>>> print(open('data.pdb').read())   # PDB, C-alpha atoms
ATOM      1  CA  MET A1350       9.320 -16.530   1.947
ATOM      2  CA  LYS A1351       6.210 -14.866   0.558
ATOM      3  CA  GLU A1352       4.229 -12.137   2.303
ATOM      4  CA  THR A1353       0.760 -11.001   1.341
ATOM      5  CA  LEU A1354      -1.401  -8.320   2.923
ATOM      6  CA  LYS A1355      -5.077  -9.240   2.583
ATOM      7  CA  PRO A1356      -8.198  -7.301   3.590
ATOM      8  CA  VAL A1357     -10.882  -9.319   5.355
ATOM      9  CA  VAL A1358     -14.346  -9.171   3.809
ATOM     10  CA  THR A1359     -17.478 -10.265   5.658
ATOM     11  CA  GLY A1360     -21.177 -10.401   4.878
ATOM     12  CA  ARG A1361     -22.318  -8.259   1.983
ATOM     13  CA  GLY A1362     -18.862  -7.256   0.823
ATOM     14  CA  ALA A1363     -18.259  -4.593   3.460
ATOM     15  CA  PRO A1364     -14.723  -4.867   4.811
ATOM     16  CA  LEU A1365     -14.325  -5.585   8.491
ATOM     17  CA  ARG A1366     -12.042  -2.754   9.607
ATOM     18  CA  GLN A1367     -11.137  -3.987  13.079
ATOM     19  CA  TYR A1368      -8.044  -5.930  11.963
ATOM     20  CA  GLU A1369      -5.793  -6.121   8.950
ATOM     21  CA  TYR A1370      -4.116  -9.419   8.138
ATOM     22  CA  LEU A1371      -0.719 -10.417   6.806
ATOM     23  CA  VAL A1372      -0.180 -13.912   5.381
ATOM     24  CA  ILE A1373       3.409 -15.203   5.469
ATOM     25  CA  THR A1374       4.120 -18.408   3.560
ATOM     26  CA  VAL A1375       7.337 -20.349   4.181
ATOM     27  CA  SER A1376       8.480 -23.002   1.704
ATOM     28  CA  PRO A1377       9.597 -26.440   2.942
ATOM     29  CA  GLY A1378      13.261 -25.785   2.083
ATOM     30  CA  GLU A1379      13.632 -22.707   4.296
ATOM     31  CA  HIS A1380      14.942 -22.980   7.835
ATOM     32  CA  VAL A1381      12.409 -22.632  10.630
ATOM     33  CA  PRO A1382      14.590 -20.314  12.805
ATOM     34  CA  THR A1383      14.820 -17.902   9.868
ATOM     35  CA  ALA A1384      11.027 -17.865   9.562
ATOM     36  CA  TYR A1385      10.631 -17.296  13.312
ATOM     37  CA  GLN A1386      13.071 -14.387  13.127
ATOM     38  CA  ARG A1387      10.971 -12.853  10.363
ATOM     39  CA  LEU A1388       7.803 -13.261  12.464
ATOM     40  CA  ARG A1389       9.499 -11.636  15.460
ATOM     41  CA  GLU A1390      10.564  -8.662  13.341
ATOM     42  CA  HIS A1391       7.005  -8.146  12.089
ATOM     43  CA  ALA A1392       5.662  -8.413  15.635
ATOM     44  CA  GLU A1393       8.180  -5.989  17.114
ATOM     45  CA  TYR A1394       8.415  -3.320  14.435
ATOM     46  CA  GLY A1395       5.084  -3.627  12.641
ATOM     47  CA  LYS A1396       2.916  -4.304  15.725
ATOM     48  CA  TRP A1397       1.630  -7.584  14.234
ATOM     49  CA  GLU A1398       0.486 -10.515  16.378
ATOM     50  CA  LEU A1399       0.377 -14.154  15.362
ATOM     51  CA  ALA A1400      -3.239 -15.218  14.864
ATOM     52  CA  ARG A1401      -2.763 -18.685  13.327
ATOM     53  CA  SER A1402      -0.019 -20.972  12.083
ATOM     54  CA  THR A1403      -0.544 -23.933   9.775
ATOM     55  CA  LEU A1404       1.845 -26.751   8.859
ATOM     56  CA  TYR A1405       0.967 -28.594   5.641
ATOM     57  CA  MET A1406       1.839 -32.207   4.779
ATOM     58  CA  GLY A1407       4.550 -31.236   2.295
ATOM     59  CA  GLY A1408       6.358 -29.141   4.903
ATOM     60  CA  GLN A1409       5.076 -25.746   3.806
ATOM     61  CA  ARG A1410       4.118 -23.398   6.647
ATOM     62  CA  LYS A1411       1.621 -20.557   6.594
ATOM     63  CA  TYR A1412       1.428 -17.884   9.281
ATOM     64  CA  LEU A1413      -1.518 -15.524   9.622
ATOM     65  CA  MET A1414      -0.653 -12.336  11.473
ATOM     66  CA  ARG A1415      -3.025  -9.549  12.394
ATOM     67  CA  ARG A1416      -2.959  -6.046  13.813
ATOM     68  CA  LYS A1417      -5.680  -3.742  14.961
ATOM     69  CA  VAL A1418      -6.691  -0.935  12.617
ATOM     70  CA  LEU A1419      -6.494   2.361  14.451
ATOM     71  CA  ARG A1420      -9.245   4.777  13.543
ATOM     72  CA  VAL A1421      -8.465   8.443  13.772
ATOM     73  CA  GLU A1422     -11.413  10.747  14.211
ATOM     74  CA  ARG A1423     -11.288  14.203  12.745
ATOM     75  CA  THR A1424     -11.458  17.059  15.216
ATOM     76  CA  LEU A1425     -12.739  20.546  14.537
ATOM     77  CA  ASN A1426     -10.266  23.387  14.848
ATOM     78  CA  VAL A1427     -11.937  26.357  16.461
ATOM     79  CA  TYR A1428      -9.876  29.519  16.679
TER      80      TYR A1428
END
>>> encode(input="data.pdb", output="structure tokens")
Amino acid sequence: MKETLKPVVTGRGAPLRQYEYLVITVSPGEHVPTAYQRLREHAEYGKWELARSTLYMGGQRKYLMRRKVLRVERTLNVY
């Protein structure tokens, strides 16, 4: 199983910072319940959600997971 974290780029090269994406590729020889377990672990512990799943003709599967990027705004400390 291969996992890749990819930034999404739109328009003029500026990254879209609303979501970050994780691509999980499962080879045809791996068991499907094992892949589902891996997806569940990412969803539960990493706060990922399944955005898209693709099954290719050779039996390879690709799962695209996403999670929202949380933006933290700086606050001023006034004493």
>>> resolve_selection(input="data.pdb", expression="the PyMOL selection byres ((chain A and resi 1378) around 12)", output="MDAnalysis selection string")
chainID A and resid 1350 1374:1377 1379:1381 1383:1384 1407:1410
>>> closest_residue(input="data.pdb", among="A:Leu1425, A:Met1406, A:Met1414, A:Leu1419", to="Arg1389 of chain A", atoms="all atoms listed in the file")
A:Met1414
>>> closest_residue(input="data.pdb", among="A:Thr1403, A:Val1372, A:Arg1420, A:Asn1426", to="Leu1388 of chain A", atoms="all atoms listed in the file")
A:Val1372
>>> atom_distance(input="data.pdb", atom1="atom CA of Leu1399 of chain A", atom2="atom CA of Glu1422 of chain A")
27.6 Å
>>> resolve_selection(input="data.pdb", expression="the PyMOL selection byres ((chain A and resi 1398) around 8)", output="list in words")
Ala1392, Lys1396, Trp1397, Leu1399, Ala1400, Met1414, Arg1415 and Arg1416 of chain A
>>> atom_distance(input="data.pdb", atom1="atom CA of Leu1413 of chain A", atom2="atom CA of Tyr1370 of chain A")
6.8 Å
>>> atom_distance(input="data.pdb", atom1="atom CA of Ser1402 of chain A", atom2="atom CA of Ile1373 of chain A")
9.4 Å
>>> resolve_selection(input="data.pdb", expression="the PyMOL selection byres ((chain A and resi 1418) around 6)", output="number ranges by chain")
A: 1367-1368, 1417, 1419
>>> build_atoms(input="data.pdb", residues="segment 1379-1390 of chain A", atoms="all heavy atoms", output="PDB file, in the frame of the given file")
ATOM      1  N   GLU A1379      13.097 -23.784   3.460  1.00  0.00           N
ATOM      2  CA  GLU A1379      13.632 -22.707   4.296  1.00  0.00           C
ATOM      3  C   GLU A1379      13.744 -23.166   5.747  1.00  0.00           C
ATOM      4  O   GLU A1379      12.963 -23.967   6.228  1.00  0.00           O
ATOM      5  CB  GLU A1379      12.737 -21.470   4.201  1.00  0.00           C
ATOM      6  CG  GLU A1379      12.733 -20.861   2.821  1.00  0.00           C
ATOM      7  CD  GLU A1379      11.963 -19.561   2.786  1.00  0.00           C
ATOM      8  OE1 GLU A1379      12.217 -18.703   3.641  1.00  0.00           O
ATOM      9  OE2 GLU A1379      11.115 -19.443   1.904  1.00  0.00           O
ATOM     10  N   HIS A1380      14.713 -22.609   6.447  1.00  0.00           N
ATOM     11  CA  HIS A1380      14.942 -22.980   7.835  1.00  0.00           C
ATOM     12  C   HIS A1380      13.896 -22.344   8.747  1.00  0.00           C
ATOM     13  O   HIS A1380      13.534 -21.180   8.580  1.00  0.00           O
ATOM     14  CB  HIS A1380      16.333 -22.535   8.287  1.00  0.00           C
ATOM     15  CG  HIS A1380      17.426 -23.216   7.521  1.00  0.00           C
ATOM     16  ND1 HIS A1380      17.700 -24.554   7.643  1.00  0.00           N
ATOM     17  CD2 HIS A1380      18.308 -22.732   6.628  1.00  0.00           C
ATOM     18  CE1 HIS A1380      18.706 -24.869   6.858  1.00  0.00           C
ATOM     19  NE2 HIS A1380      19.092 -23.778   6.209  1.00  0.00           N
ATOM     20  N   VAL A1381      13.443 -23.103   9.713  1.00  0.00           N
ATOM     21  CA  VAL A1381      12.409 -22.632  10.630  1.00  0.00           C
ATOM     22  C   VAL A1381      12.903 -21.459  11.487  1.00  0.00           C
ATOM     23  O   VAL A1381      12.166 -20.491  11.676  1.00  0.00           O
ATOM     24  CB  VAL A1381      11.892 -23.797  11.508  1.00  0.00           C
ATOM     25  CG1 VAL A1381      10.907 -23.304  12.549  1.00  0.00           C
ATOM     26  CG2 VAL A1381      11.250 -24.857  10.629  1.00  0.00           C
ATOM     27  N   PRO A1382      14.142 -21.476  12.025  1.00  0.00           N
ATOM     28  CA  PRO A1382      14.590 -20.314  12.805  1.00  0.00           C
ATOM     29  C   PRO A1382      14.601 -19.010  12.007  1.00  0.00           C
ATOM     30  O   PRO A1382      14.325 -17.943  12.556  1.00  0.00           O
ATOM     31  CB  PRO A1382      16.009 -20.688  13.232  1.00  0.00           C
ATOM     32  CG  PRO A1382      16.022 -22.172  13.227  1.00  0.00           C
ATOM     33  CD  PRO A1382      15.108 -22.568  12.104  1.00  0.00           C
ATOM     34  N   THR A1383      14.864 -19.091  10.721  1.00  0.00           N
ATOM     35  CA  THR A1383      14.820 -17.902   9.868  1.00  0.00           C
ATOM     36  C   THR A1383      13.392 -17.372   9.764  1.00  0.00           C
ATOM     37  O   THR A1383      13.161 -16.158   9.822  1.00  0.00           O
ATOM     38  CB  THR A1383      15.359 -18.221   8.471  1.00  0.00           C
ATOM     39  OG1 THR A1383      16.656 -18.804   8.591  1.00  0.00           O
ATOM     40  CG2 THR A1383      15.427 -16.980   7.605  1.00  0.00           C
ATOM     41  N   ALA A1384      12.436 -18.270   9.627  1.00  0.00           N
ATOM     42  CA  ALA A1384      11.027 -17.865   9.562  1.00  0.00           C
ATOM     43  C   ALA A1384      10.587 -17.250  10.886  1.00  0.00           C
ATOM     44  O   ALA A1384       9.875 -16.240  10.904  1.00  0.00           O
ATOM     45  CB  ALA A1384      10.152 -19.063   9.223  1.00  0.00           C
ATOM     46  N   TYR A1385      10.992 -17.837  12.009  1.00  0.00           N
ATOM     47  CA  TYR A1385      10.631 -17.296  13.312  1.00  0.00           C
ATOM     48  C   TYR A1385      11.221 -15.900  13.512  1.00  0.00           C
ATOM     49  O   TYR A1385      10.586 -15.035  14.094  1.00  0.00           O
ATOM     50  CB  TYR A1385      11.084 -18.218  14.429  1.00  0.00           C
ATOM     51  CG  TYR A1385      10.273 -19.490  14.550  1.00  0.00           C
ATOM     52  CD1 TYR A1385      10.769 -20.587  15.235  1.00  0.00           C
ATOM     53  CD2 TYR A1385       9.013 -19.611  13.986  1.00  0.00           C
ATOM     54  CE1 TYR A1385      10.044 -21.762  15.353  1.00  0.00           C
ATOM     55  CE2 TYR A1385       8.275 -20.773  14.089  1.00  0.00           C
ATOM     56  CZ  TYR A1385       8.798 -21.842  14.782  1.00  0.00           C
ATOM     57  OH  TYR A1385       8.068 -22.988  14.890  1.00  0.00           O
ATOM     58  N   GLN A1386      12.452 -15.702  13.029  1.00  0.00           N
ATOM     59  CA  GLN A1386      13.071 -14.387  13.127  1.00  0.00           C
ATOM     60  C   GLN A1386      12.255 -13.356  12.354  1.00  0.00           C
ATOM     61  O   GLN A1386      12.030 -12.252  12.816  1.00  0.00           O
ATOM     62  CB  GLN A1386      14.514 -14.423  12.609  1.00  0.00           C
ATOM     63  CG  GLN A1386      15.207 -13.090  12.604  1.00  0.00           C
ATOM     64  CD  GLN A1386      15.400 -12.522  13.996  1.00  0.00           C
ATOM     65  OE1 GLN A1386      15.596 -13.258  14.954  1.00  0.00           O
ATOM     66  NE2 GLN A1386      15.331 -11.221  14.111  1.00  0.00           N
ATOM     67  N   ARG A1387      11.790 -13.750  11.186  1.00  0.00           N
ATOM     68  CA  ARG A1387      10.971 -12.853  10.363  1.00  0.00           C
ATOM     69  C   ARG A1387       9.659 -12.499  11.073  1.00  0.00           C
ATOM     70  O   ARG A1387       9.225 -11.352  11.074  1.00  0.00           O
ATOM     71  CB  ARG A1387      10.690 -13.552   9.035  1.00  0.00           C
ATOM     72  CG  ARG A1387      10.009 -12.750   8.027  1.00  0.00           C
ATOM     73  CD  ARG A1387      10.974 -11.828   7.350  1.00  0.00           C
ATOM     74  NE  ARG A1387      10.338 -11.319   6.164  1.00  0.00           N
ATOM     75  CZ  ARG A1387      10.969 -10.972   5.088  1.00  0.00           C
ATOM     76  NH1 ARG A1387      12.255 -11.067   5.040  1.00  0.00           N
ATOM     77  NH2 ARG A1387      10.316 -10.511   4.066  1.00  0.00           N
ATOM     78  N   LEU A1388       9.037 -13.501  11.718  1.00  0.00           N
ATOM     79  CA  LEU A1388       7.803 -13.261  12.464  1.00  0.00           C
ATOM     80  C   LEU A1388       8.047 -12.319  13.641  1.00  0.00           C
ATOM     81  O   LEU A1388       7.241 -11.428  13.916  1.00  0.00           O
ATOM     82  CB  LEU A1388       7.220 -14.577  12.969  1.00  0.00           C
ATOM     83  CG  LEU A1388       6.716 -15.546  11.907  1.00  0.00           C
ATOM     84  CD1 LEU A1388       6.312 -16.865  12.557  1.00  0.00           C
ATOM     85  CD2 LEU A1388       5.572 -14.961  11.127  1.00  0.00           C
ATOM     86  N   ARG A1389       9.162 -12.516  14.336  1.00  0.00           N
ATOM     87  CA  ARG A1389       9.499 -11.636  15.460  1.00  0.00           C
ATOM     88  C   ARG A1389       9.703 -10.199  15.011  1.00  0.00           C
ATOM     89  O   ARG A1389       9.297  -9.255  15.687  1.00  0.00           O
ATOM     90  CB  ARG A1389      10.760 -12.133  16.175  1.00  0.00           C
ATOM     91  CG  ARG A1389      10.496 -13.286  17.119  1.00  0.00           C
ATOM     92  CD  ARG A1389      11.673 -13.536  18.024  1.00  0.00           C
ATOM     93  NE  ARG A1389      12.896 -13.865  17.299  1.00  0.00           N
ATOM     94  CZ  ARG A1389      13.268 -15.103  16.983  1.00  0.00           C
ATOM     95  NH1 ARG A1389      12.514 -16.123  17.341  1.00  0.00           N
ATOM     96  NH2 ARG A1389      14.385 -15.313  16.333  1.00  0.00           N
ATOM     97  N   GLU A1390      10.344 -10.009  13.862  1.00  0.00           N
ATOM     98  CA  GLU A1390      10.564  -8.662  13.341  1.00  0.00           C
ATOM     99  C   GLU A1390       9.235  -7.978  13.012  1.00  0.00           C
ATOM    100  O   GLU A1390       9.041  -6.805  13.314  1.00  0.00           O
ATOM    101  CB  GLU A1390      11.454  -8.704  12.102  1.00  0.00           C
ATOM    102  CG  GLU A1390      12.896  -9.038  12.414  1.00  0.00           C
ATOM    103  CD  GLU A1390      13.734  -9.217  11.166  1.00  0.00           C
ATOM    104  OE1 GLU A1390      13.207  -9.082  10.048  1.00  0.00           O
ATOM    105  OE2 GLU A1390      14.925  -9.506  11.327  1.00  0.00           O
TER     106      GLU A1390
END
